[in-house]
Each structure stands twice: as C-alpha cells, then as structure tokens.
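Following: one structure in structure tokens, then a few remarks.
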Amino acid sequence: MRMYLSSFRLGDSPDRLLSLLDGRGPAEIAVIANAMDAQPEHERLAGVEREVDALTALGLRPTELDLREFFGRPTDAVQTALARFPAVWLRGGNVFMLRYALARSGADAALTELLRRDAVVYAGYSAGPCVLAPSLHGLDYCDDPQVVPETYGDPVVWEGLGILDQAVVPHVDSPGHPETEALGVVAAGYRADGTPHLTLRDGQALVIDGEDTRIH
C-alpha cells in the first residue's frame, strides 16, 4: 500500500509523492474534489483548478474525476475509470460530502481493492486522509454532516473507509489555518476516549510505502 497523506495541500515533501510513483515520468493522477460538492460551483471550480495547477507544476498530469458522474451507474463504471490512473488525489473540504460521494459512486470499494493490490497511490490532504479512518465520528465538530441530507436527502455515512486503523487529524498546531482550533478539540476528544489517531501539522505528511510508515 502506498499513500501520501498531507495535512494541507502538497505539504513540504511533495518529492515523497513522486517517489511513490517510482519516478516513471509525468504520471496521470485523478483529482477527486467531491469534498467541495456543497460549495458554490464557482468556488468548487476554483478549488479544482488550484489542485490541477499545483500537481501540474509537480510534473504530474492531473484530470478531475467527478464522482457525481457515477451516481446511479453500475459500479464497474467507476472501477474502470479509476483503474486507468496510477494515482489519485483527494483534496480537502467536507469529509462527510466526500464519504457520501465515495459510497454512492462505488469508488470506496474500488479504491479499497486497488490499494489492496497496490495498483494505485492514494494521496491528498485534509478530508482525503480523514475519510480513511474506521469512523468519522468526532469530525462533526469541525465539518457539518448535515450538508449531506440537505444536498441529497440521504443519510450521513458515518463509517470511514477503514483502510487505516486510526484516524488522521490534520491542521493541528497550525497557526493561520481556520480549522486548527476545531481540530485540536477533535484530537483532544480522541485522546480522552482512547480513539487511535495521529495528528499532522500543516506542512507534514504521513507517507506509507509498504511496511514503511513515516511522518515527513
């Protein structure tokens, strides 16, 4: 399993992301921005453009993969779409919107299988790492889960992907980030109730390469 899980944007060690791709030239990477689906469309478009520009500057070839296009379609549609990319980049936003989009499109199961076979590098920041936990409980202190029923009329998905055995809490001790205080409270709550977790400051990234797991 290969992962580059940043607290905020590319972080301070984007070379570690490139190393996970084995340096095989300008690899394609799918940009999944569905954590922003509750925001006004112009803000969402600007957010996608920012990710595309940053990843292009890194030497990658990013393309947005909007999971909403796979809602209501057979699950093999999103499986086929994801399989062509050696890497995915899940940007920040609302973790409950991201989790819903992954579930409704079938991308949750598809990504889990690709990771199991080590066929994709999973990368991203903020909501992207957060959704990997066993549960999303506690993150509602920072992100509003009600945007899901308000947007789609469907219930909130509280189960995380469960790919990691602990929660990732980004933006902790990160002066200047608007969510640092709220996520400090989330981390304190996890400590109090014994929920396994790790915290990341902006600039840091958790890098997983097989059995090697390090914070850079």
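Residues in the structure tokens are numbered from 1 in each chain, the chains being A, B, ... in the order shown, and ligands are numbered from 1 in the order shown.
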
Open item on the list: Give me, as a VMD selection string, all polymer residues having an atom no more than 10 Å from segment 59-66 of chain A, counting only C-alpha atoms and skipping those fewer than 5 positions away in the same chain.
Closed with: chain A and resid 18 25 to 34 37 48 to 49 51 to 54 71 78 81 to 82 85 87 to 90 101 105

Task: strand (DSSP E or B) call set, DSSP backbone run, segment 51-208 of chain A, as an MDAnalysis selection string - done: chainID A and resid 61:64 87:90 121:125 135 159 167:169 197:199 205:208

Task: Point-to-point distance in Å for atom CA of Cys130 of chain A and atom CA of Thr75 of chain A - done: 23.4 Å

TODO: Go ahead and compute the interatomic distance for atom CA of Leu5 of chain A and atom CA of Gly128 of chain A, in Å to one decimal.
DONE: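 Separating atom CA of Leu5 of chain A from atom CA of Gly128 of chain A is a distance of 7.5 Å.
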
Open item on the list: Which residues are near segment 117-119 of chain A? Cut-off 9 Å, only C-alpha atoms, ignore same chain within fewer than 3 positions. Put them as a list of chain:residue names.
Closed with: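 Result of the neighbour search: A:Met1, A:Arg2, A:Ala83, A:Phe85, A:Pro86, A:Ala87, A:Thr112, A:Glu113, A:Leu114, A:Gly210.
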
Keeping only C-alpha atoms, write those residues as a PDB file, in the first residue's frame.
ATOM      1  CA  MET A   1       0.000   0.000   0.000  1.00  0.00           C
ATOM      2  CA  ARG A   2       1.326   3.419  -0.982  1.00  0.00           C
ATOM      3  CA  ALA A  83      -8.160   1.764 -12.912  1.00  0.00           C
ATOM      4  CA  PHE A  85      -4.859   6.169 -13.061  1.00  0.00           C
ATOM      5  CA  PRO A  86      -1.695   5.177 -11.175  1.00  0.00           C
ATOM      6  CA  ALA A  87      -2.553   7.759  -8.517  1.00  0.00           C
ATOM      7  CA  THR A 112     -10.039  -0.223  -1.412  1.00  0.00           C
ATOM      8  CA  GLU A 113      -9.467  -3.027  -3.930  1.00  0.00           C
ATOM      9  CA  LEU A 114      -6.873  -1.025  -5.891  1.00  0.00           C
ATOM     10  CA  GLY A 210       4.523  -0.886   2.091  1.00  0.00           C
TER      11      GLY A 210
END

TODO: Would you list the contacts of Leu10 of chain A as a VMD selection string, taking every protein, DNA or RNA residue within 8 Å and counting only C-alpha atoms, but skipping same-chain residues closer than 5 positions in sequence?
DONE: chain A and resid 54 124 to 125 203

- [ ] Work out how far atom CA of His171 of chain A is from atom CA of Val95 of chain A, in Å to one decimal.
- [x]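 Going from atom CA of Val95 of chain A over to atom CA of His171 of chain A, I get 14.0 Å.
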
Task: Test item, alpha helix (DSSP H) assignment across segment 36-92 of chain A, answer as a PyMOL selection string - done: chain A and resi 41-57+75-83

Expected file: the selected residues, N, CA and C atoms, as an mmCIF file, in the first residue's frame:
data_model
loop_
_atom_site.group_PDB
_atom_site.id
_atom_site.type_symbol
_atom_site.label_atom_id
_atom_site.label_comp_id
_atom_site.auth_asym_id
_atom_site.auth_seq_id
_atom_site.Cartn_x
_atom_site.Cartn_y
_atom_site.Cartn_z
ATOM 1 N N GLU A 41 -20.696 26.532 -7.033
ATOM 2 C CA GLU A 41 -19.971 25.920 -8.141
ATOM 3 C C GLU A 41 -18.710 26.695 -8.521
ATOM 4 N N HIS A 42 -18.765 28.031 -8.456
ATOM 5 C CA HIS A 42 -17.572 28.793 -8.836
ATOM 6 C C HIS A 42 -16.434 28.559 -7.845
ATOM 7 N N GLU A 43 -16.773 28.368 -6.566
ATOM 8 C CA GLU A 43 -15.736 28.066 -5.566
ATOM 9 C C GLU A 43 -15.172 26.663 -5.794
ATOM 10 N N ARG A 44 -16.053 25.742 -6.135
ATOM 11 C CA ARG A 44 -15.591 24.375 -6.391
ATOM 12 C C ARG A 44 -14.663 24.345 -7.595
ATOM 13 N N LEU A 45 -15.047 25.033 -8.660
ATOM 14 C CA LEU A 45 -14.220 25.060 -9.862
ATOM 15 C C LEU A 45 -12.854 25.672 -9.583
ATOM 16 N N ALA A 46 -12.846 26.745 -8.778
ATOM 17 C CA ALA A 46 -11.576 27.382 -8.427
ATOM 18 C C ALA A 46 -10.709 26.436 -7.604
ATOM 19 N N GLY A 47 -11.347 25.659 -6.722
ATOM 20 C CA GLY A 47 -10.616 24.698 -5.910
ATOM 21 C C GLY A 47 -9.990 23.600 -6.757
ATOM 22 N N VAL A 48 -10.735 23.116 -7.737
ATOM 23 C CA VAL A 48 -10.199 22.093 -8.639
ATOM 24 C C VAL A 48 -9.030 22.652 -9.441
ATOM 25 N N GLU A 49 -9.194 23.865 -9.937
ATOM 26 C CA GLU A 49 -8.130 24.484 -10.738
ATOM 27 C C GLU A 49 -6.848 24.644 -9.930
ATOM 28 N N ARG A 50 -6.995 24.998 -8.650
ATOM 29 C CA ARG A 50 -5.814 25.156 -7.793
ATOM 30 C C ARG A 50 -5.075 23.823 -7.649
ATOM 31 N N GLU A 51 -5.801 22.736 -7.486
ATOM 32 C CA GLU A 51 -5.157 21.430 -7.365
ATOM 33 C C GLU A 51 -4.490 21.025 -8.671
ATOM 34 N N VAL A 52 -5.182 21.239 -9.768
ATOM 35 C CA VAL A 52 -4.626 20.887 -11.076
ATOM 36 C C VAL A 52 -3.336 21.653 -11.332
ATOM 37 N N ASP A 53 -3.329 22.949 -11.034
ATOM 38 C CA ASP A 53 -2.131 23.759 -11.252
ATOM 39 C C ASP A 53 -0.963 23.267 -10.392
ATOM 40 N N ALA A 54 -1.244 22.967 -9.119
ATOM 41 C CA ALA A 54 -0.180 22.532 -8.207
ATOM 42 C C ALA A 54 0.397 21.185 -8.630
ATOM 43 N N LEU A 55 -0.455 20.256 -9.025
ATOM 44 C CA LEU A 55 0.017 18.934 -9.425
ATOM 45 C C LEU A 55 0.735 18.981 -10.765
ATOM 46 N N THR A 56 0.272 19.850 -11.659
ATOM 47 C CA THR A 56 0.957 20.029 -12.940
ATOM 48 C C THR A 56 2.354 20.587 -12.721
ATOM 49 N N ALA A 57 2.479 21.560 -11.812
ATOM 50 C CA ALA A 57 3.784 22.138 -11.504
ATOM 51 C C ALA A 57 4.732 21.102 -10.921
ATOM 52 N N THR A 75 -21.417 -0.239 -10.686
ATOM 53 C CA THR A 75 -20.149 0.038 -10.004
ATOM 54 C C THR A 75 -18.937 -0.202 -10.891
ATOM 55 N N ASP A 76 -19.085 -1.024 -11.933
ATOM 56 C CA ASP A 76 -17.922 -1.257 -12.787
ATOM 57 C C ASP A 76 -17.543 -0.009 -13.578
ATOM 58 N N ALA A 77 -18.451 0.978 -13.652
ATOM 59 C CA ALA A 77 -18.128 2.216 -14.373
ATOM 60 C C ALA A 77 -17.042 2.992 -13.643
ATOM 61 N N VAL A 78 -17.198 3.166 -12.341
ATOM 62 C CA VAL A 78 -16.185 3.902 -11.591
ATOM 63 C C VAL A 78 -14.928 3.051 -11.420
ATOM 64 N N GLN A 79 -15.072 1.753 -11.334
ATOM 65 C CA GLN A 79 -13.912 0.868 -11.260
ATOM 66 C C GLN A 79 -13.037 1.029 -12.497
ATOM 67 N N THR A 80 -13.666 1.051 -13.658
ATOM 68 C CA THR A 80 -12.927 1.206 -14.910
ATOM 69 C C THR A 80 -12.266 2.567 -14.994
ATOM 70 N N ALA A 81 -12.980 3.609 -14.560
ATOM 71 C CA ALA A 81 -12.433 4.960 -14.613
ATOM 72 C C ALA A 81 -11.221 5.116 -13.710
ATOM 73 N N LEU A 82 -11.293 4.554 -12.507
ATOM 74 C CA LEU A 82 -10.184 4.678 -11.561
ATOM 75 C C LEU A 82 -8.986 3.832 -11.966
ATOM 76 N N ALA A 83 -9.232 2.706 -12.605
ATOM 77 C CA ALA A 83 -8.160 1.764 -12.912
ATOM 78 C C ALA A 83 -7.130 2.324 -13.881
#
